[in-house]
$ cat entry11.cif   # mmCIF, C-alpha atoms
data_work
#
loop_
_atom_site.label_atom_id
_atom_site.label_comp_id
_atom_site.auth_asym_id
_atom_site.auth_seq_id
_atom_site.Cartn_x
_atom_site.Cartn_y
_atom_site.Cartn_z
CA MET A 1 0.25 317.53 279.64
CA THR A 2 -1.57 320.41 277.99
CA SER A 3 -5.08 319.93 276.69
CA PRO A 4 -5.83 320.15 272.97
CA VAL A 5 -6.76 323.54 271.56
CA THR A 6 -10.45 324.40 271.53
CA THR A 7 -11.66 325.72 268.18
CA PRO A 8 -15.21 326.94 267.50
CA ILE A 9 -16.75 325.68 264.27
CA SER A 10 -18.29 328.26 261.94
CA HIS A 11 -22.00 327.78 261.28
CA THR A 12 -25.14 329.70 260.40
CA GLN A 13 -28.53 329.91 262.11
CA ALA A 14 -30.03 328.71 258.82
CA GLU A 15 -27.99 325.51 259.10
CA LEU A 16 -29.13 324.95 262.68
CA ASP A 17 -32.74 325.48 261.58
CA ALA A 18 -32.39 323.16 258.59
CA VAL A 19 -31.36 320.16 260.69
CA GLN A 20 -34.19 317.62 260.85
CA TYR A 21 -34.81 317.08 264.55
CA ASN A 22 -37.08 314.16 265.45
CA ALA A 23 -40.41 314.36 267.31
CA ASP A 24 -38.48 314.82 270.57
CA GLY A 25 -36.42 317.63 269.03
CA LEU A 26 -33.30 315.44 268.85
CA VAL A 27 -30.84 314.35 266.22
CA PRO A 28 -28.25 311.54 266.51
CA ALA A 29 -24.63 312.69 266.50
CA ILE A 30 -21.83 310.29 265.60
CA VAL A 31 -18.44 311.08 267.13
CA GLN A 32 -15.41 309.86 265.21
CA GLU A 33 -11.79 310.18 266.31
CA ALA A 34 -9.53 312.39 264.20
CA GLY A 35 -6.52 310.55 262.88
CA THR A 36 -7.63 307.00 263.66
CA ALA A 37 -11.17 307.42 262.19
CA LEU A 38 -12.41 305.17 264.99
CA VAL A 39 -16.15 305.57 265.61
CA LEU A 40 -16.16 306.47 269.30
CA MET A 41 -19.80 306.93 270.28
CA VAL A 42 -23.23 308.25 269.36
CA GLY A 43 -25.03 310.88 271.42
CA TRP A 44 -28.18 312.91 270.91
CA MET A 45 -28.32 316.66 270.42
CA ASN A 46 -31.16 319.14 270.38
CA ARG A 47 -30.75 322.47 268.57
CA ASP A 48 -29.24 324.12 271.61
CA ALA A 49 -26.75 321.31 272.26
CA LEU A 50 -25.70 321.51 268.60
CA GLU A 51 -25.22 325.26 268.85
CA ARG A 52 -23.20 324.86 272.06
CA THR A 53 -21.05 322.20 270.37
CA LEU A 54 -20.27 324.39 267.37
CA SER A 55 -19.83 327.57 269.41
CA THR A 56 -17.57 326.06 272.06
CA GLY A 57 -15.73 323.45 270.00
CA ARG A 58 -16.53 320.83 272.65
CA THR A 59 -19.23 318.14 272.30
CA TRP A 60 -22.49 318.87 274.10
CA PHE A 61 -25.34 316.37 274.21
CA TRP A 62 -28.85 316.09 275.57
CA ALA A 63 -29.04 313.24 278.08
CA ARG A 64 -32.42 311.64 277.38
CA SER A 65 -32.50 309.63 280.61
CA ARG A 66 -31.49 312.53 282.87
CA GLN A 67 -33.19 315.21 280.73
CA GLU A 68 -30.23 317.56 280.97
CA TYR A 69 -27.33 318.90 278.93
CA TRP A 70 -23.94 317.36 279.36
CA CYS A 71 -20.60 318.40 278.04
CA LYS A 72 -18.60 315.26 277.29
CA GLY A 73 -15.70 314.79 279.67
CA GLU A 74 -16.57 317.64 282.00
CA THR A 75 -16.62 315.20 284.92
CA SER A 76 -14.41 312.37 283.63
CA GLY A 77 -11.81 314.50 281.89
CA ASP A 78 -12.37 312.50 278.70
CA ARG A 79 -13.10 315.64 276.69
CA GLN A 80 -13.74 315.88 272.97
CA TYR A 81 -12.38 318.77 270.88
CA VAL A 82 -14.28 319.19 267.64
CA ARG A 83 -12.18 319.45 264.48
CA GLU A 84 -14.80 318.92 261.75
CA ALA A 85 -18.62 318.89 261.78
CA TYR A 86 -20.78 317.35 259.05
CA TYR A 87 -24.44 316.65 258.39
CA ASP A 88 -25.82 313.99 256.10
CA CYS A 89 -27.80 314.33 252.87
CA ASP A 90 -31.15 314.21 254.70
CA MET A 91 -29.84 316.51 257.44
CA ASP A 92 -31.09 314.09 260.08
CA VAL A 93 -27.76 312.73 261.30
CA LEU A 94 -24.64 314.66 262.41
CA LEU A 95 -20.99 313.60 262.32
CA PHE A 96 -18.28 315.18 264.45
CA VAL A 97 -14.59 314.46 264.01
CA VAL A 98 -12.89 315.09 267.35
CA GLU A 99 -9.63 314.95 269.17
CA GLN A 100 -10.36 312.65 272.13
CA GLU A 101 -8.64 313.49 275.40
CA GLY A 102 -8.14 311.04 278.28
CA ARG A 103 -8.91 307.32 278.21
CA GLY A 104 -11.56 307.41 275.53
CA ALA A 105 -15.24 307.99 274.90
CA CYS A 106 -16.87 305.06 276.69
CA HIS A 107 -17.93 305.15 280.32
CA THR A 108 -16.69 301.54 280.63
CA GLY A 109 -13.12 302.70 280.08
CA GLU A 110 -12.96 301.42 276.52
CA ARG A 111 -11.76 303.89 273.89
CA SER A 112 -14.86 303.32 271.71
CA CYS A 113 -18.37 302.42 272.84
CA PHE A 114 -18.45 299.88 269.97
CA PHE A 115 -16.13 297.37 271.62
CA ARG A 116 -18.35 294.30 271.25
CA ALA A 117 -18.98 292.41 268.02
CA PHE A 118 -21.91 290.19 267.10
CA GLY A 119 -21.04 286.55 267.54
CA GLY A 120 -18.52 287.48 270.17
CA GLY A 121 -20.99 287.26 273.03
CA ALA A 122 -20.11 289.51 275.93
CA THR A 123 -16.39 289.37 275.31
CA PRO A 124 -14.97 292.71 274.17
CA GLY A 125 -13.56 292.46 270.67
CA PRO A 126 -11.31 294.74 268.67
CA VAL A 127 -12.90 297.58 266.69
CA MET B 128 -15.58 293.09 237.58
CA THR B 129 -16.65 290.48 240.09
CA SER B 130 -18.63 291.52 243.14
CA PRO B 131 -17.14 291.22 246.62
CA VAL B 132 -17.70 287.97 248.49
CA THR B 133 -20.80 287.82 250.69
CA THR B 134 -20.08 286.53 254.18
CA PRO B 135 -22.75 285.94 256.84
CA ILE B 136 -21.90 287.27 260.31
CA SER B 137 -22.27 284.88 263.24
CA HIS B 138 -24.78 285.98 265.87
CA THR B 139 -27.13 284.62 268.50
CA GLN B 140 -30.86 285.12 269.05
CA ALA B 141 -29.94 286.39 272.53
CA GLU B 142 -27.89 289.17 270.94
CA LEU B 143 -30.77 290.14 268.64
CA ASP B 144 -33.11 290.22 271.64
CA ALA B 145 -30.69 292.25 273.75
CA VAL B 146 -30.53 295.14 271.27
CA GLN B 147 -32.41 298.15 272.62
CA TYR B 148 -34.92 299.01 269.91
CA ASN B 149 -36.73 302.34 270.31
CA ALA B 150 -40.50 302.86 270.71
CA ASP B 151 -40.89 302.24 266.96
CA GLY B 152 -38.88 299.03 267.21
CA LEU B 153 -35.90 300.59 265.44
CA VAL B 154 -32.20 301.07 266.11
CA PRO B 155 -29.81 303.37 264.22
CA ALA B 156 -27.12 301.58 262.22
CA ILE B 157 -23.92 303.37 261.23
CA VAL B 158 -22.24 302.06 258.09
CA GLN B 159 -18.49 302.61 257.85
CA GLU B 160 -16.29 301.69 254.89
CA ALA B 161 -13.67 299.00 255.46
CA GLY B 162 -10.16 300.19 254.70
CA THR B 163 -10.87 303.92 254.49
CA ALA B 164 -12.91 304.05 257.74
CA LEU B 165 -15.11 306.65 256.03
CA VAL B 166 -18.52 306.97 257.70
CA LEU B 167 -20.81 306.31 254.74
CA MET B 168 -24.37 306.57 256.04
CA VAL B 169 -26.83 305.84 258.83
CA GLY B 170 -29.93 303.73 258.32
CA TRP B 171 -32.51 302.26 260.67
CA MET B 172 -33.03 298.58 261.37
CA ASN B 173 -35.73 296.66 263.18
CA ARG B 174 -34.97 293.21 264.62
CA ASP B 175 -35.81 291.50 261.35
CA ALA B 176 -33.67 293.86 259.24
CA LEU B 177 -30.78 293.27 261.63
CA GLU B 178 -31.22 289.50 261.37
CA ARG B 179 -31.38 289.71 257.57
CA THR B 180 -28.21 291.82 257.57
CA LEU B 181 -26.25 289.36 259.71
CA SER B 182 -27.66 286.27 257.98
CA THR B 183 -27.10 287.50 254.42
CA GLY B 184 -23.96 289.61 254.91
CA ARG B 185 -25.64 292.50 253.05
CA THR B 186 -27.12 295.59 254.72
CA TRP B 187 -30.89 295.57 255.15
CA PHE B 188 -32.77 298.56 256.55
CA TRP B 189 -36.31 299.53 257.42
CA ALA B 190 -37.37 302.51 255.33
CA ARG B 191 -39.39 304.66 257.74
CA SER B 192 -40.94 306.82 255.03
CA ARG B 193 -41.95 303.94 252.78
CA GLN B 194 -42.56 301.48 255.64
CA GLU B 195 -40.76 298.68 253.87
CA TYR B 196 -37.53 296.69 253.96
CA TRP B 197 -34.79 297.62 251.59
CA CYS B 198 -31.54 295.91 250.81
CA LYS B 199 -28.95 298.59 250.12
CA GLY B 200 -27.90 298.67 246.49
CA GLU B 201 -30.47 296.16 245.24
CA THR B 202 -31.72 298.75 242.73
CA SER B 203 -28.69 301.04 242.35
CA GLY B 204 -26.01 298.37 242.42
CA ASP B 205 -24.26 300.25 245.22
CA ARG B 206 -24.27 297.19 247.46
CA GLN B 207 -22.70 296.86 250.90
CA TYR B 208 -20.96 293.65 251.99
CA VAL B 209 -20.69 293.38 255.76
CA ARG B 210 -17.25 292.56 257.15
CA GLU B 211 -17.68 293.41 260.85
CA ALA B 212 -20.74 294.13 263.00
CA TYR B 213 -20.62 295.86 266.39
CA TYR B 214 -23.04 297.17 268.98
CA ASP B 215 -22.35 299.92 271.49
CA CYS B 216 -22.14 299.76 275.29
CA ASP B 217 -25.84 300.60 275.70
CA MET B 218 -26.79 298.25 272.84
CA ASP B 219 -28.86 301.01 271.25
CA VAL B 220 -26.64 301.81 268.27
CA LEU B 221 -25.14 299.41 265.70
CA LEU B 222 -21.98 299.79 263.62
CA PHE B 223 -21.33 297.86 260.42
CA VAL B 224 -17.99 297.88 258.62
CA VAL B 225 -18.65 297.13 254.97
CA GLU B 226 -17.07 296.79 251.59
CA GLN B 227 -18.93 299.35 249.47
CA GLU B 228 -19.57 298.41 245.85
CA GLY B 229 -20.37 300.89 243.08
CA ARG B 230 -20.25 304.68 243.35
CA GLY B 231 -20.86 304.92 247.07
CA ALA B 232 -23.55 304.97 249.71
CA CYS B 233 -25.35 308.24 249.01
CA HIS B 234 -28.31 308.57 246.65
CA THR B 235 -26.81 311.90 245.48
CA GLY B 236 -23.86 310.08 243.96
CA GLU B 237 -21.45 311.10 246.72
CA ARG B 238 -19.46 308.29 248.32
CA SER B 239 -20.57 309.32 251.83
CA CYS B 240 -23.86 310.89 252.86
CA PHE B 241 -21.82 313.23 255.10
CA PHE B 242 -20.45 315.37 252.29
CA ARG B 243 -21.46 318.77 253.68
CA ALA B 244 -19.76 320.54 256.58
CA PHE B 245 -21.18 323.21 258.90
CA GLY B 246 -20.09 326.65 257.82
CA GLY B 247 -19.73 325.42 254.27
CA GLY B 248 -23.30 326.30 253.31
CA ALA B 249 -24.66 324.08 250.57
CA THR B 250 -21.30 323.48 248.98
CA PRO B 251 -20.15 319.89 249.29
CA GLY B 252 -16.96 319.66 251.31
CA PRO B 253 -14.47 316.88 251.82
CA VAL B 254 -15.10 314.28 254.50
#
$ encode --input "entry11.cif" --output "structure tokens"
Amino acid sequence: MTSPVTTPISHTQAELDAVQYNADGLVPAIVQEAGTALVLMVGWMNRDALERTLSTGRTWFWARSRQEYWCKGETSGDRQYVREAYYDCDMDVLLFVVEQEGRGACHTGERSCFFRAFGGGATPGPV
Amino acid sequence: MTSPVTTPISHTQAELDAVQYNADGLVPAIVQEAGTALVLMVGWMNRDALERTLSTGRTWFWARSRQEYWCKGETSGDRQYVREAYYDCDMDVLLFVVEQEGRGACHTGERSCFFRAFGGGATPGPV
């Protein structure tokens, strides 16, 4: 099976500068699946991770616990190919529409990280 | 036109306690539109705002700039009626699927706050 095509996303330095990073220099990034519109996960990006994401067309995050960059799926094979990239009205949240390769976005093996619903206890529910 | 039905979402105190609030006691909450799956906005909730949201079936947030609770649409009429409520694998992000009343979620008048794409400059693009 061939992997999806990687496509860089056009952007300007002014846009990267205009993003409202928090006190730690980070901004939350929602990842949504193209086609299904399933919300897959949320990661955090600093300016450099955002630039890498747009330049490479793959999602890059800043791992707060490990204090290092990670490119989603580089180890697991569950890669994300960016198709559209948005920012919100306040420019303090990002939204990436991606083609998800492999099993899905969640390290548990679920397609989406949002597989549990309130009131459902610990039992995985449908998204 | 009658407003959508308000439906409380079942939940437990253990679930509210298990949510991973940040150093400010807040957790990001994604709001997605039922039916269209459009990502409408992201707001922040503390434990009490989350409990109000689940108990009332309407979205409640903590306004960081104003340091006060706000119930979405209480002034504008652009209310959100919660249909499903999820938390992610790390329990540090919430996802609410809502029925959006009125014009939409964004204070600019756009349906979604994510109406601008990278590379599109300041021109609103489709989501």
$ resolve_selection --input "entry11.cif" --expression "the PyMOL selection byres ((chain B) within 7 of (chain A))" --output "JSON, numbers by chain"
{"B": [137, 138, 139, 164, 212, 213, 214, 215, 216, 240, 241, 242, 243, 244, 245, 246]}
$ atom_distance --input "entry11.cif" --atom1 "CA of Ala29 (chain A)" --atom2 "CA of Phe188 (chain B)"
19.1 Å
$ resolve_selection --input "entry11.cif" --expression "the PyMOL selection byres ((chain B and resi 194) around 12)" --output "PyMOL selection string"
chain B and resi 151+153+171-173+188-193+195-197
$ atom_distance --input "entry11.cif" --atom1 "CA of Val225 (chain B)" --atom2 "CA of Tyr148 (chain B)"
22.2 Å
$ resolve_selection --input "entry11.cif" --expression "the PyMOL selection byres ((chain A and resi 101) around 12)" --output "VMD selection string"
chain A and resid 1 to 6 33 to 34 40 58 to 59 72 to 74 76 to 82 98 to 100 102 to 106 111
$ write_last_selection --input "entry11.cif" --atoms "C-alpha atoms" --output "PDB file, in the frame of the given file"
ATOM      1  CA  MET A   1       0.250 317.530 279.640  1.00  0.00           C
ATOM      2  CA  THR A   2      -1.570 320.410 277.990  1.00  0.00           C
ATOM      3  CA  SER A   3      -5.080 319.930 276.690  1.00  0.00           C
ATOM      4  CA  PRO A   4      -5.830 320.150 272.970  1.00  0.00           C
ATOM      5  CA  VAL A   5      -6.760 323.540 271.560  1.00  0.00           C
ATOM      6  CA  THR A   6     -10.450 324.400 271.530  1.00  0.00           C
ATOM      7  CA  GLU A  33     -11.790 310.180 266.310  1.00  0.00           C
ATOM      8  CA  ALA A  34      -9.530 312.390 264.200  1.00  0.00           C
ATOM      9  CA  LEU A  40     -16.160 306.470 269.300  1.00  0.00           C
ATOM     10  CA  ARG A  58     -16.530 320.830 272.650  1.00  0.00           C
ATOM     11  CA  THR A  59     -19.230 318.140 272.300  1.00  0.00           C
ATOM     12  CA  LYS A  72     -18.600 315.260 277.290  1.00  0.00           C
ATOM     13  CA  GLY A  73     -15.700 314.790 279.670  1.00  0.00           C
ATOM     14  CA  GLU A  74     -16.570 317.640 282.000  1.00  0.00           C
ATOM     15  CA  SER A  76     -14.410 312.370 283.630  1.00  0.00           C
ATOM     16  CA  GLY A  77     -11.810 314.500 281.890  1.00  0.00           C
ATOM     17  CA  ASP A  78     -12.370 312.500 278.700  1.00  0.00           C
ATOM     18  CA  ARG A  79     -13.100 315.640 276.690  1.00  0.00           C
ATOM     19  CA  GLN A  80     -13.740 315.880 272.970  1.00  0.00           C
ATOM     20  CA  TYR A  81     -12.380 318.770 270.880  1.00  0.00           C
ATOM     21  CA  VAL A  82     -14.280 319.190 267.640  1.00  0.00           C
ATOM     22  CA  VAL A  98     -12.890 315.090 267.350  1.00  0.00           C
ATOM     23  CA  GLU A  99      -9.630 314.950 269.170  1.00  0.00           C
ATOM     24  CA  GLN A 100     -10.360 312.650 272.130  1.00  0.00           C
ATOM     25  CA  GLY A 102      -8.140 311.040 278.280  1.00  0.00           C
ATOM     26  CA  ARG A 103      -8.910 307.320 278.210  1.00  0.00           C
ATOM     27  CA  GLY A 104     -11.560 307.410 275.530  1.00  0.00           C
ATOM     28  CA  ALA A 105     -15.240 307.990 274.900  1.00  0.00           C
ATOM     29  CA  CYS A 106     -16.870 305.060 276.690  1.00  0.00           C
ATOM     30  CA  ARG A 111     -11.760 303.890 273.890  1.00  0.00           C
TER      31      ARG A 111
END
$ axis_aligned_box --input "entry11.cif" --around "region 105-116 of chain A" --padding-each-side "6 Å" --output "AutoDock Vina command-line options"
--center_x -15.1 --center_y 301.1 --center_z 275.3 --size_x 18.7 --size_y 25.7 --size_z 22.7
$ atom_distance --input "entry11.cif" --atom1 "CA of Ala18 (chain A)" --atom2 "CA of Ala150 (chain B)"
25.0 Å
$ residues_near_point --input "entry11.cif" --point "(-37.7, 289.7, 264.5)" --cutoff "10 Å" --atoms "only C-alpha atoms" --output "list in words"
Gln140, Leu143, Asp144, Gly152, Asn173, Arg174, Asp175, Ala176, Leu177, Glu178 and Arg179 of chain B
$ decode --input "entry11.cif" --residues "region 49-62 of chain A" --atoms "all heavy atoms" --output "CSV table (one decimal), in the first residue's frame"
chain,number,residue,atom,x,y,z
A,49,ALA,N,7.4,24.0,15.6
A,49,ALA,CA,6.7,22.8,15.3
A,49,ALA,C,5.6,23.2,14.3
A,49,ALA,O,5.3,22.4,13.3
A,49,ALA,CB,6.0,22.2,16.5
A,50,LEU,N,5.0,24.3,14.4
A,50,LEU,CA,4.0,24.8,13.4
A,50,LEU,C,4.6,25.0,12.1
A,50,LEU,O,4.1,24.5,11.0
A,50,LEU,CB,3.4,26.1,13.9
A,50,LEU,CG,2.5,26.8,12.9
A,50,LEU,CD1,1.3,25.9,12.5
A,50,LEU,CD2,1.9,28.1,13.6
A,51,GLU,N,5.8,25.6,12.1
A,51,GLU,CA,6.5,25.8,10.8
A,51,GLU,C,6.9,24.5,10.1
A,51,GLU,O,6.7,24.3,8.9
A,51,GLU,CB,7.7,26.7,11.0
A,51,GLU,CG,8.4,27.0,9.7
A,51,GLU,CD,9.2,28.3,9.7
A,51,GLU,OE1,9.8,28.6,10.8
A,51,GLU,OE2,9.3,29.0,8.7
A,52,ARG,N,7.4,23.5,10.9
A,52,ARG,CA,7.7,22.2,10.4
A,52,ARG,C,6.5,21.5,9.8
A,52,ARG,O,6.5,20.9,8.8
A,52,ARG,CB,8.2,21.3,11.5
A,52,ARG,CG,9.6,21.7,12.0
A,52,ARG,CD,10.1,20.6,13.0
A,52,ARG,NE,11.2,21.1,13.8
A,52,ARG,CZ,12.1,20.2,14.3
A,52,ARG,NH1,12.0,18.9,14.2
A,52,ARG,NH2,13.2,20.7,15.0
A,53,THR,N,5.3,21.7,10.5
A,53,THR,CA,4.1,21.1,10.1
A,53,THR,C,3.7,21.6,8.7
A,53,THR,O,3.3,20.8,7.8
A,53,THR,CB,3.0,21.3,11.1
A,53,THR,OG1,3.3,20.7,12.3
A,53,THR,CG2,1.6,20.8,10.6
A,54,LEU,N,3.7,22.9,8.6
A,54,LEU,CA,3.3,23.5,7.3
A,54,LEU,C,4.3,23.3,6.2
A,54,LEU,O,3.9,23.0,5.1
A,54,LEU,CB,3.1,25.0,7.5
A,54,LEU,CG,1.9,25.4,8.5
A,54,LEU,CD1,2.0,26.9,8.8
A,54,LEU,CD2,0.6,25.0,8.0
A,55,SER,N,5.5,23.3,6.6
A,55,SER,CA,6.6,23.1,5.5
A,55,SER,C,6.7,21.7,5.0
A,55,SER,O,7.0,21.4,3.9
A,55,SER,CB,8.0,23.5,6.1
A,55,SER,OG,7.9,24.9,6.5
A,56,THR,N,6.4,20.7,5.9
A,56,THR,CA,6.6,19.3,5.5
A,56,THR,C,5.3,18.7,5.2
A,56,THR,O,5.3,17.6,4.5
A,56,THR,CB,7.2,18.5,6.7
A,56,THR,OG1,6.3,18.5,7.8
A,56,THR,CG2,8.5,19.1,7.1
A,57,GLY,N,4.2,19.2,5.6
A,57,GLY,CA,2.9,18.6,5.3
A,57,GLY,C,2.6,17.4,6.2
A,57,GLY,O,1.6,16.7,6.0
A,58,ARG,N,3.4,17.3,7.3
A,58,ARG,CA,3.2,16.2,8.3
A,58,ARG,C,3.0,16.9,9.6
A,58,ARG,O,3.6,18.0,9.8
A,58,ARG,CB,4.4,15.3,8.3
A,58,ARG,CG,4.6,14.4,7.1
A,58,ARG,CD,3.8,13.1,7.1
A,58,ARG,NE,4.1,12.4,8.4
A,58,ARG,CZ,5.2,11.6,8.6
A,58,ARG,NH1,6.1,11.5,7.7
A,58,ARG,NH2,5.4,11.1,9.8
A,59,THR,N,2.3,16.3,10.6
A,59,THR,CA,2.0,17.0,11.8
A,59,THR,C,3.2,16.8,12.8
A,59,THR,O,3.7,15.7,13.0
A,59,THR,CB,0.8,16.5,12.5
A,59,THR,OG1,0.8,15.1,12.5
A,59,THR,CG2,-0.5,17.0,11.9
A,60,TRP,N,3.8,17.9,13.2
A,60,TRP,CA,4.8,18.0,14.2
A,60,TRP,C,4.3,18.7,15.5
A,60,TRP,O,3.6,19.7,15.4
A,60,TRP,CB,6.0,18.8,13.7
A,60,TRP,CG,6.9,18.1,12.7
A,60,TRP,CD1,6.7,18.1,11.4
A,60,TRP,CD2,8.1,17.5,13.0
A,60,TRP,NE1,7.7,17.3,10.8
A,60,TRP,CE2,8.6,17.0,11.8
A,60,TRP,CE3,8.8,17.2,14.2
A,60,TRP,CZ2,9.8,16.2,11.7
A,60,TRP,CZ3,10.0,16.5,14.1
A,60,TRP,CH2,10.5,16.0,12.8
A,61,PHE,N,4.6,18.1,16.6
A,61,PHE,CA,4.2,18.6,17.9
A,61,PHE,C,5.4,18.8,18.8
A,61,PHE,O,6.5,18.3,18.6
A,61,PHE,CB,3.2,17.7,18.6
A,61,PHE,CG,2.0,17.4,17.7
A,61,PHE,CD1,1.9,16.2,17.0
A,61,PHE,CD2,0.9,18.3,17.7
A,61,PHE,CE1,0.8,16.0,16.2
A,61,PHE,CE2,-0.2,18.1,16.9
A,61,PHE,CZ,-0.2,16.9,16.1
A,62,TRP,N,5.1,19.6,19.9
A,62,TRP,CA,6.1,19.7,21.0
A,62,TRP,C,5.6,18.8,22.2
A,62,TRP,O,4.5,19.1,22.7
A,62,TRP,CB,6.3,21.1,21.4
A,62,TRP,CG,7.2,21.3,22.6
A,62,TRP,CD1,6.9,21.5,23.9
A,62,TRP,CD2,8.7,21.1,22.6
A,62,TRP,NE1,8.0,21.6,24.7
A,62,TRP,CE2,9.1,21.3,23.9
A,62,TRP,CE3,9.6,20.9,21.6
A,62,TRP,CZ2,10.5,21.3,24.2
A,62,TRP,CZ3,10.9,20.8,21.9
A,62,TRP,CH2,11.4,21.0,23.2
